[in-house]
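Listing of run-v5.json; format and content: JSON, C-alpha atoms.
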[["chain", "number", "residue", "atom", "x", "y", "z"],
["A", 1, "MET", "CA", 0.00, 0.00, 0.00],
["A", 2, "PHE", "CA", 1.40, 3.41, -0.96],
["A", 3, "ARG", "CA", 0.89, 6.44, 1.28],
["A", 4, "ARG", "CA", 1.20, 9.99, 0.03],
["A", 5, "PHE", "CA", 1.88, 13.03, 2.18],
["A", 6, "LEU", "CA", 0.55, 16.51, 1.52],
["A", 7, "PHE", "CA", 2.62, 19.31, 3.05],
["A", 8, "SER", "CA", 1.10, 22.70, 3.83],
["A", 9, "THR", "CA", 2.96, 25.91, 4.83],
["A", 10, "SER", "CA", -0.13, 27.60, 6.21],
["A", 11, "LEU", "CA", -1.07, 25.54, 9.24],
["A", 12, "PRO", "CA", 0.88, 25.91, 12.51],
["A", 13, "ASN", "CA", 0.41, 22.32, 13.61],
["A", 14, "LEU", "CA", 0.08, 18.84, 12.22],
["A", 15, "LEU", "CA", -3.44, 18.41, 10.86],
["A", 16, "PRO", "CA", -4.68, 15.10, 9.50],
["A", 17, "ILE", "CA", -6.82, 15.20, 6.38],
["A", 18, "PRO", "CA", -9.44, 12.49, 6.02],
["A", 19, "PRO", "CA", -8.15, 9.59, 3.87],
["A", 20, "LYS", "CA", -9.29, 9.16, 0.30],
["A", 21, "GLY", "CA", -9.36, 5.58, -0.86],
["A", 22, "ASN", "CA", -6.02, 3.89, -0.01],
["A", 23, "ASN", "CA", -4.20, 7.22, 0.38],
["A", 24, "LEU", "CA", -3.44, 8.90, 3.69],
["A", 25, "PHE", "CA", -2.86, 12.67, 3.81],
["A", 26, "PHE", "CA", -1.09, 14.76, 6.47],
["A", 27, "SER", "CA", -0.50, 18.47, 6.65],
["A", 28, "PHE", "CA", 2.68, 19.93, 8.24],
["A", 29, "SER", "CA", 3.70, 23.46, 9.07],
["A", 30, "LEU", "CA", 6.98, 24.64, 7.51],
["A", 31, "PRO", "CA", 9.03, 24.58, 10.78],
["A", 32, "ILE", "CA", 8.04, 20.98, 11.37],
["A", 33, "LEU", "CA", 8.88, 20.07, 7.78],
["A", 34, "ASN", "CA", 12.30, 21.66, 8.15],
["A", 35, "SER", "CA", 12.99, 19.73, 11.35],
["A", 36, "LEU", "CA", 12.13, 16.47, 9.58],
["A", 37, "THR", "CA", 14.39, 17.10, 6.61],
["A", 38, "GLN", "CA", 17.44, 18.41, 8.48],
["A", 39, "LYS", "CA", 20.37, 16.06, 9.22],
["A", 40, "PRO", "CA", 20.86, 15.22, 12.90],
["A", 41, "SER", "CA", 23.55, 17.12, 14.74],
["A", 42, "LEU", "CA", 26.87, 15.54, 15.79],
["A", 43, "SER", "CA", 25.78, 15.48, 19.43],
["A", 44, "PHE", "CA", 22.60, 13.67, 18.46],
["A", 45, "ARG", "CA", 24.55, 11.07, 16.48],
["A", 46, "THR", "CA", 26.88, 10.55, 19.43],
["A", 47, "LYS", "CA", 23.99, 9.91, 21.81],
["A", 48, "MET", "CA", 22.58, 7.38, 19.38],
["A", 49, "GLY", "CA", 25.82, 5.40, 19.50],
["A", 50, "ASP", "CA", 27.06, 6.34, 16.01],
["A", 51, "ALA", "CA", 30.63, 4.95, 15.81],
["A", 52, "ARG", "CA", 31.66, 7.30, 12.96],
["A", 53, "ARG", "CA", 34.66, 9.45, 13.79],
["A", 54, "PRO", "CA", 34.26, 13.22, 14.32],
["A", 55, "LEU", "CA", 35.04, 15.13, 11.15],
["A", 56, "SER", "CA", 37.50, 17.33, 13.02],
["A", 57, "VAL", "CA", 40.03, 14.49, 13.47],
["A", 58, "PRO", "CA", 41.98, 13.91, 10.26],
["A", 59, "ILE", "CA", 43.19, 10.40, 9.45],
["A", 60, "PRO", "CA", 46.09, 10.09, 6.98],
["A", 61, "THR", "CA", 45.81, 7.97, 3.86],
["A", 62, "VAL", "CA", 46.30, 4.33, 4.84],
["A", 63, "ASP", "CA", 48.64, 3.33, 2.01],
["A", 64, "LYS", "CA", 50.88, 6.38, 2.41],
["A", 65, "ALA", "CA", 51.01, 7.06, 6.13],
["A", 66, "ASP", "CA", 53.64, 5.79, 8.55],
["A", 67, "ARG", "CA", 52.07, 3.01, 10.62],
["A", 68, "SER", "CA", 52.78, 4.62, 13.99],
["A", 69, "GLU", "CA", 51.35, 7.91, 12.72],
["A", 70, "LEU", "CA", 48.26, 6.12, 11.45],
["A", 71, "LEU", "CA", 47.78, 4.28, 14.76],
["A", 72, "ARG", "CA", 48.03, 7.53, 16.73],
["A", 73, "ALA", "CA", 45.46, 9.14, 14.44],
["A", 74, "LEU", "CA", 43.10, 6.19, 14.82],
["A", 75, "GLU", "CA", 43.46, 6.30, 18.60],
["A", 76, "ALA", "CA", 42.76, 10.03, 18.62],
["A", 77, "SER", "CA", 39.70, 9.52, 16.45],
["A", 78, "LEU", "CA", 38.35, 6.75, 18.69],
["A", 79, "GLY", "CA", 39.18, 8.64, 21.86],
["A", 80, "SER", "CA", 41.21, 5.87, 23.51],
["A", 81, "SER", "CA", 44.52, 4.03, 23.15],
["A", 82, "PHE", "CA", 44.84, 0.52, 21.77],
["A", 83, "SER", "CA", 45.62, -2.02, 24.49],
["A", 84, "SER", "CA", 48.35, -4.67, 24.21],
["A", 85, "ASP", "CA", 46.68, -6.82, 26.88],
["A", 86, "PRO", "CA", 45.33, -10.23, 25.75],
["A", 87, "LEU", "CA", 41.82, -10.04, 24.34],
["A", 88, "TYR", "CA", 41.00, -13.13, 26.39],
["A", 89, "PRO", "CA", 42.68, -14.30, 29.61],
["A", 90, "ASN", "CA", 45.21, -17.12, 29.53],
["A", 91, "PRO", "CA", 43.55, -20.52, 30.10],
["A", 92, "ASN", "CA", 43.48, -21.95, 33.60],
["A", 93, "PRO", "CA", 45.82, -24.80, 34.55],
["A", 94, "LEU", "CA", 44.12, -28.13, 34.00],
["A", 95, "ILE", "CA", 43.99, -31.30, 36.05],
["A", 96, "ILE", "CA", 43.93, -34.26, 33.65],
["A", 97, "VAL", "CA", 43.02, -37.60, 35.23],
["A", 98, "ILE", "CA", 44.10, -40.59, 33.11],
["A", 99, "SER", "CA", 42.67, -43.93, 34.14],
["A", 100, "GLY", "CA", 41.66, -47.31, 32.77],
["A", 101, "PRO", "CA", 41.80, -51.03, 33.48],
["A", 102, "SER", "CA", 45.06, -52.90, 33.97],
["A", 103, "GLY", "CA", 46.82, -53.79, 30.73],
["A", 104, "VAL", "CA", 45.70, -50.83, 28.59],
["A", 105, "GLY", "CA", 49.09, -49.08, 28.53],
["A", 106, "LYS", "CA", 48.55, -46.15, 30.89],
["A", 107, "ASP", "CA", 52.24, -45.98, 31.79],
["A", 108, "ALA", "CA", 53.30, -46.11, 28.13],
["A", 109, "VAL", "CA", 50.95, -43.27, 27.14],
["A", 110, "ILE", "CA", 52.02, -41.10, 30.05],
["A", 111, "SER", "CA", 55.73, -41.79, 29.42],
["A", 112, "ARG", "CA", 55.39, -40.71, 25.78],
["A", 113, "LEU", "CA", 53.26, -37.73, 26.73],
["A", 114, "ARG", "CA", 56.00, -36.66, 29.14],
["A", 115, "GLU", "CA", 58.48, -36.62, 26.23],
["A", 116, "SER", "CA", 56.27, -34.90, 23.68],
["A", 117, "ARG", "CA", 54.60, -32.06, 25.59],
["A", 118, "SER", "CA", 55.99, -29.39, 27.85],
["A", 119, "GLY", "CA", 54.06, -27.52, 30.52],
["A", 120, "LEU", "CA", 52.81, -30.70, 32.16],
["A", 121, "HIS", "CA", 53.57, -31.98, 35.63],
["A", 122, "PHE", "CA", 53.05, -35.68, 36.17],
["A", 123, "VAL", "CA", 52.13, -36.25, 39.78],
["A", 124, "VAL", "CA", 54.09, -39.06, 41.40],
["A", 125, "THR", "CA", 51.71, -41.30, 43.32],
["A", 126, "ALA", "CA", 52.60, -42.69, 46.72],
["A", 127, "THR", "CA", 52.18, -46.44, 47.13],
["A", 128, "SER", "CA", 52.88, -49.11, 49.71],
["A", 129, "ARG", "CA", 53.38, -51.89, 47.13],
["A", 130, "PRO", "CA", 56.86, -53.30, 46.47],
["A", 131, "MET", "CA", 58.97, -51.78, 43.74],
["A", 132, "ARG", "CA", 58.93, -53.67, 40.42],
["A", 133, "PRO", "CA", 62.07, -54.27, 38.33],
["A", 134, "GLY", "CA", 63.04, -51.12, 36.43],
["A", 135, "GLU", "CA", 60.98, -48.74, 38.56],
["A", 136, "VAL", "CA", 62.62, -45.72, 40.18],
["A", 137, "ASP", "CA", 61.56, -44.32, 43.55],
["A", 138, "GLY", "CA", 60.40, -40.71, 43.19],
["A", 139, "LYS", "CA", 59.90, -41.06, 39.44],
["A", 140, "ASP", "CA", 57.45, -43.91, 38.95],
["A", 141, "TYR", "CA", 56.04, -43.88, 42.48],
["A", 142, "TYR", "CA", 56.97, -42.80, 45.97],
["A", 143, "PHE", "CA", 57.46, -46.19, 47.61],
["A", 144, "VAL", "CA", 56.57, -46.04, 51.31],
["A", 145, "THR", "CA", 55.67, -48.50, 54.02],
["A", 146, "LYS", "CA", 52.05, -49.00, 55.05],
["A", 147, "ASP", "CA", 52.72, -47.18, 58.33],
["A", 148, "GLU", "CA", 54.21, -44.22, 56.46],
["A", 149, "PHE", "CA", 51.24, -44.16, 54.12],
["A", 150, "LEU", "CA", 48.74, -44.20, 56.97],
["A", 151, "GLY", "CA", 50.63, -41.29, 58.54],
["A", 152, "MET", "CA", 50.07, -39.30, 55.31],
["A", 153, "VAL", "CA", 46.37, -40.13, 55.54],
["A", 154, "GLU", "CA", 46.15, -38.89, 59.12],
["A", 155, "ARG", "CA", 47.88, -35.61, 58.20],
["A", 156, "GLU", "CA", 45.41, -35.15, 55.29],
["A", 157, "GLU", "CA", 48.27, -34.90, 52.81],
["A", 158, "LEU", "CA", 46.50, -36.94, 50.12],
["A", 159, "LEU", "CA", 43.92, -35.77, 47.60],
["A", 160, "GLU", "CA", 42.63, -39.33, 47.35],
["A", 161, "TYR", "CA", 43.79, -42.77, 48.37],
["A", 162, "ALA", "CA", 42.59, -46.33, 48.09],
["A", 163, "VAL", "CA", 43.54, -49.94, 48.71],
["A", 164, "VAL", "CA", 44.32, -51.59, 45.37],
["A", 165, "TYR", "CA", 45.03, -55.31, 45.27],
["A", 166, "GLY", "CA", 45.99, -55.20, 48.94],
["A", 167, "ASP", "CA", 48.31, -52.16, 48.71],
["A", 168, "TYR", "CA", 47.73, -48.45, 49.36],
["A", 169, "LYS", "CA", 47.92, -45.82, 46.61],
["A", 170, "GLY", "CA", 47.36, -42.08, 47.01],
["A", 171, "VAL", "CA", 47.84, -38.69, 45.36],
["A", 172, "PRO", "CA", 49.83, -36.08, 47.35],
["A", 173, "LYS", "CA", 48.16, -32.64, 47.45],
["A", 174, "GLN", "CA", 51.29, -30.50, 47.81],
["A", 175, "GLN", "CA", 52.69, -31.45, 44.40],
["A", 176, "ILE", "CA", 49.50, -30.35, 42.69],
["A", 177, "ARG", "CA", 49.30, -27.01, 44.52],
["A", 178, "GLU", "CA", 52.95, -26.21, 43.89],
["A", 179, "TYR", "CA", 52.92, -26.86, 40.14],
["A", 180, "MET", "CA", 49.50, -25.38, 39.44],
["A", 181, "GLY", "CA", 50.80, -22.22, 41.13],
["A", 182, "LYS", "CA", 53.57, -22.19, 38.50],
["A", 183, "GLY", "CA", 51.04, -22.51, 35.66],
["A", 184, "TYR", "CA", 51.59, -26.20, 34.90],
["A", 185, "ASP", "CA", 48.83, -28.55, 33.83],
["A", 186, "ILE", "CA", 48.61, -31.54, 36.16],
["A", 187, "VAL", "CA", 48.44, -35.16, 34.95],
["A", 188, "LEU", "CA", 47.22, -37.79, 37.40],
["A", 189, "ARG", "CA", 47.51, -41.49, 36.63],
["A", 190, "VAL", "CA", 45.09, -43.41, 38.83],
["A", 191, "ASP", "CA", 43.16, -46.67, 38.77],
["A", 192, "ILE", "CA", 39.39, -46.77, 38.30],
["A", 193, "GLN", "CA", 38.73, -46.68, 42.02],
["A", 194, "GLY", "CA", 40.94, -43.61, 42.39],
["A", 195, "ALA", "CA", 39.21, -41.92, 39.46],
["A", 196, "GLN", "CA", 35.84, -42.46, 41.13],
["A", 197, "THR", "CA", 37.10, -40.81, 44.31],
["A", 198, "LEU", "CA", 38.63, -37.92, 42.38],
["A", 199, "ARG", "CA", 35.37, -37.35, 40.52],
["A", 200, "LYS", "CA", 33.65, -36.92, 43.89],
["A", 201, "VAL", "CA", 36.38, -34.54, 45.11],
["A", 202, "LEU", "CA", 36.96, -32.52, 41.93],
["A", 203, "GLY", "CA", 33.61, -32.84, 40.17],
["A", 204, "LYS", "CA", 33.69, -31.24, 36.73],
["A", 205, "SER", "CA", 36.71, -29.07, 37.52],
["A", 206, "ALA", "CA", 39.06, -31.80, 36.19],
["A", 207, "VAL", "CA", 39.28, -33.62, 32.84],
["A", 208, "PHE", "CA", 38.76, -37.39, 33.08],
["A", 209, "VAL", "CA", 40.24, -39.54, 30.29],
["A", 210, "PHE", "CA", 39.47, -43.28, 30.06],
["A", 211, "LEU", "CA", 42.17, -45.34, 28.36],
["A", 212, "VAL", "CA", 41.27, -48.71, 26.80],
["A", 213, "ALA", "CA", 42.86, -51.40, 24.63],
["A", 214, "GLU", "CA", 41.27, -52.14, 21.27],
["A", 215, "SER", "CA", 39.80, -55.41, 22.52],
["A", 216, "GLU", "CA", 39.47, -57.55, 25.63],
["A", 217, "MET", "CA", 41.81, -60.17, 24.14],
["A", 218, "GLU", "CA", 44.51, -57.58, 23.55],
["A", 219, "MET", "CA", 44.13, -56.30, 27.11],
["A", 220, "VAL", "CA", 44.52, -59.82, 28.56],
["A", 221, "GLU", "CA", 47.54, -60.57, 26.38],
["A", 222, "ARG", "CA", 49.27, -57.44, 27.65],
["A", 223, "LEU", "CA", 48.67, -58.51, 31.24],
["A", 224, "VAL", "CA", 50.07, -61.97, 30.49],
["A", 225, "ASP", "CA", 53.11, -60.54, 28.69],
["A", 226, "ARG", "CA", 54.04, -58.38, 31.68],
["A", 227, "LYS", "CA", 54.93, -61.52, 33.66],
["A", 228, "THR", "CA", 54.62, -59.62, 36.94],
["A", 229, "GLU", "CA", 51.68, -61.55, 38.37],
["A", 230, "THR", "CA", 51.06, -64.98, 39.78],
["A", 231, "ALA", "CA", 48.33, -67.04, 38.13],
["A", 232, "GLU", "CA", 45.95, -66.19, 40.97],
["A", 233, "SER", "CA", 46.59, -62.44, 40.90],
["A", 234, "LEU", "CA", 46.42, -62.46, 37.09],
["A", 235, "LEU", "CA", 42.96, -64.00, 37.28],
["A", 236, "VAL", "CA", 41.87, -61.31, 39.75],
["A", 237, "ARG", "CA", 43.20, -58.51, 37.52],
["A", 238, "ILE", "CA", 41.43, -59.86, 34.44],
["A", 239, "ALA", "CA", 38.12, -60.25, 36.28],
["A", 240, "THR", "CA", 38.50, -56.74, 37.72],
["A", 241, "ALA", "CA", 39.39, -55.26, 34.33],
["A", 242, "ARG", "CA", 36.23, -56.68, 32.82],
["A", 243, "GLU", "CA", 34.17, -54.82, 35.41],
["A", 244, "GLU", "CA", 36.23, -51.62, 35.18],
["A", 245, "VAL", "CA", 35.54, -51.22, 31.46],
["A", 246, "LYS", "CA", 31.89, -50.62, 32.36],
["A", 247, "HIS", "CA", 32.85, -47.38, 34.14],
["A", 248, "VAL", "CA", 33.70, -45.57, 30.88],
["A", 249, "LYS", "CA", 30.37, -43.71, 31.06],
["A", 250, "ASN", "CA", 31.65, -41.77, 34.09],
["A", 251, "PHE", "CA", 34.50, -40.18, 32.12],
["A", 252, "ASP", "CA", 34.69, -37.16, 29.81],
["A", 253, "TYR", "CA", 36.75, -38.77, 27.03],
["A", 254, "VAL", "CA", 37.77, -42.25, 25.89],
["A", 255, "VAL", "CA", 41.09, -42.96, 24.14],
["A", 256, "VAL", "CA", 41.86, -46.29, 22.47],
["A", 257, "ASN", "CA", 45.52, -47.29, 22.83],
["A", 258, "ALA", "CA", 45.76, -49.85, 20.03],
["A", 259, "LYS", "CA", 48.77, -52.15, 19.69],
["A", 260, "GLY", "CA", 51.55, -50.49, 17.69],
["A", 261, "LYS", "CA", 49.68, -47.16, 17.60],
["A", 262, "LEU", "CA", 50.91, -45.50, 20.76],
["A", 263, "GLU", "CA", 51.53, -42.20, 18.95],
["A", 264, "ASN", "CA", 47.88, -42.01, 17.89],
["A", 265, "ALA", "CA", 46.73, -42.38, 21.50],
["A", 266, "VAL", "CA", 49.18, -39.75, 22.74],
["A", 267, "GLU", "CA", 48.18, -37.30, 20.00],
["A", 268, "LEU", "CA", 44.53, -37.76, 20.91],
["A", 269, "VAL", "CA", 45.25, -37.00, 24.57],
["A", 270, "GLU", "CA", 47.11, -33.85, 23.49],
["A", 271, "SER", "CA", 44.16, -32.84, 21.31],
["A", 272, "ILE", "CA", 41.87, -33.22, 24.32],
["A", 273, "ILE", "CA", 44.12, -30.92, 26.35],
["A", 274, "ASP", "CA", 44.20, -28.35, 23.50],
["A", 275, "ALA", "CA", 40.41, -28.46, 23.16],
["A", 276, "GLU", "CA", 39.95, -27.91, 26.90],
["A", 277, "LYS", "CA", 42.36, -24.95, 26.76],
["A", 278, "ALA", "CA", 40.28, -23.36, 23.99],
["A", 279, "LYS", "CA", 36.96, -23.54, 25.84],
["A", 280, "VAL", "CA", 35.22, -20.27, 26.60],
["A", 281, "ARG", "CA", 34.02, -21.59, 29.96],
["A", 282, "GLN", "CA", 37.19, -22.83, 31.60],
["A", 283, "ARG", "CA", 37.41, -25.52, 34.25],
["A", 284, "ASN", "CA", 38.73, -24.14, 37.52],
["A", 285, "ALA", "CA", 40.23, -26.72, 39.87],
["A", 286, "VAL", "CA", 41.06, -25.65, 43.41],
["A", 287, "ILE", "CA", 43.00, -28.04, 45.65]]

Using the file provided, produce a representation of the structure as structure tokens.
Amino acid sequence: MFRRFLFSTSLPNLLPIPPKGNNLFFSFSLPILNSLTQKPSLSFRTKMGDARRPLSVPIPTVDKADRSELLRALEASLGSSFSSDPLYPNPNPLIIVISGPSGVGKDAVISRLRESRSGLHFVVTATSRPMRPGEVDGKDYYFVTKDEFLGMVEREELLEYAVVYGDYKGVPKQQIREYMGKGYDIVLRVDIQGAQTLRKVLGKSAVFVFLVAESEMEMVERLVDRKTETAESLLVRIATAREEVKHVKNFDYVVVNAKGKLENAVELVESIIDAEKAKVRQRNAVI
């Protein structure tokens, strides 16, 4: 529908004229007409949020001006200096909990991750179990007696602890606090029982990664090939592992560590860390 407007210079005020057909007529006095046709003032444009620069601030030609001169002119036009501060804060330090059944290669993944990525601190777990061949105290575990371990429990020095196959294992708090204070991401290697406890303690403030072998047969073969268990304890570990696989639903991510493809598993864990670092809503773990 088209609407026409009839303007009159004789009437002092706006006077409607009865419509004719589909047309609508209005009458305006000359002062009102002038006010409608004039461009808004600079102050009016400013109040309306117009981002155009004031005409009184000259900006040199972009392709001919010195960059520093151009930047100063742009700052003057905008009325504020350009900041060198990050547009978005640095990501928070992460706590990455890596867990999974026995025989899925947790130690192998963590060892390779230690070599390939900086900025990570791998928490050394305290345990009361005997040292295995090739293990180093203070690197693989802190090997302590049961009495020493129970003393740590009484002093509340552990983030979590549990009895695993008859031996104590626990995560010292002080390591985590110290390295998170330095900006490091924290990697915790725990069994399924420990991961369950940490989920209760940390909630969604930590990243939980479930590591699995590509099949049950492969998992069992790895346990057999370790040759560190008696037949009885091997049977217990296999039965336990079967049950532990069912807990995958309680984790944030699952990573398959297939035979001969260790690098793929490590790269996927690194991708998980990168993705978490890029989140707008960061996890914020407080120990």

Around all listed atoms of stretch 131-146 of chain A, padded 4 Å per side, what centre and edge lengths does the axis-aligned box have in Å to one decimal, as lines of an AutoDock Vina configuration file?
center_x = 57.5
center_y = -47.5
center_z = 45.7
size_x = 19.0
size_y = 21.6
size_z = 26.6

Handout entry: Contacts of stretch 168-178 of chain A at 9 Å (only C-alpha atoms; same-chain gap of 6+ positions) as JSON, numbers by chain
Key = {"A": [95, 121, 123, 124, 125, 126, 127, 128, 129, 146, 149, 150, 152, 153, 156, 157, 158, 159, 160, 161, 162, 186, 188, 190, 194, 286, 287]}

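By chain and then residue number, the residues within 9 Å of stretch 103-108 of chain A are Ile98, Ser99, Gly100, Ser111, Arg112, Leu113, Arg189, Leu211, Val212, Ala213, Glu214, Glu218, Met219, Val220, Glu221, Arg222, Leu223, Val224, Arg226, Ile238, Ala241, Val256, Asn257, Ala258 and Leu262 of chain A, counting all atoms listed in the file and disregarding those fewer than 3 positions away in sequence.
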
Problem - All residues 10 Å or closer to A:Pro58, only C-alpha atoms, same chain fewer than 5 positions away omitted, as a PyMOL selection string - result: chain A and resi 53+73-74+76-77

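Atom pair atom CA of A:Leu235 / atom CA of A:Arg199: separated by 27.9 Å.
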
Fill in the blank from the handout: Between atom CA of A:Ser215 and atom CA of A:Glu263 lies a distance of 18.0 Å

Practice task
Have a look at A:Val187, A:Val163, A:Val245, A:Val207 and name the one nearest to A:Ser102; count all atoms listed in the file.
Solution key: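 Using all atoms listed in the file, A:Ser102 sits closest to A:Val245.
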
Exercise for the section: Give the answer as one residue: which of A:Asp185, A:Glu135, A:Glu244, A:Glu229 has the shortest atom-to-atom distance to A:Glu276, using only C-alpha atoms? Expected result: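 Residue with the minimum atom-to-atom distance to A:Glu276: A:Asp185.
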
Problem - Residue contacts of stretch 59-71 of chain A (12 Å, all atoms listed in the file) excluding same-chain residues fewer than 6 positions away, as a ChimeraX atom specification - result: /A:53,77-83
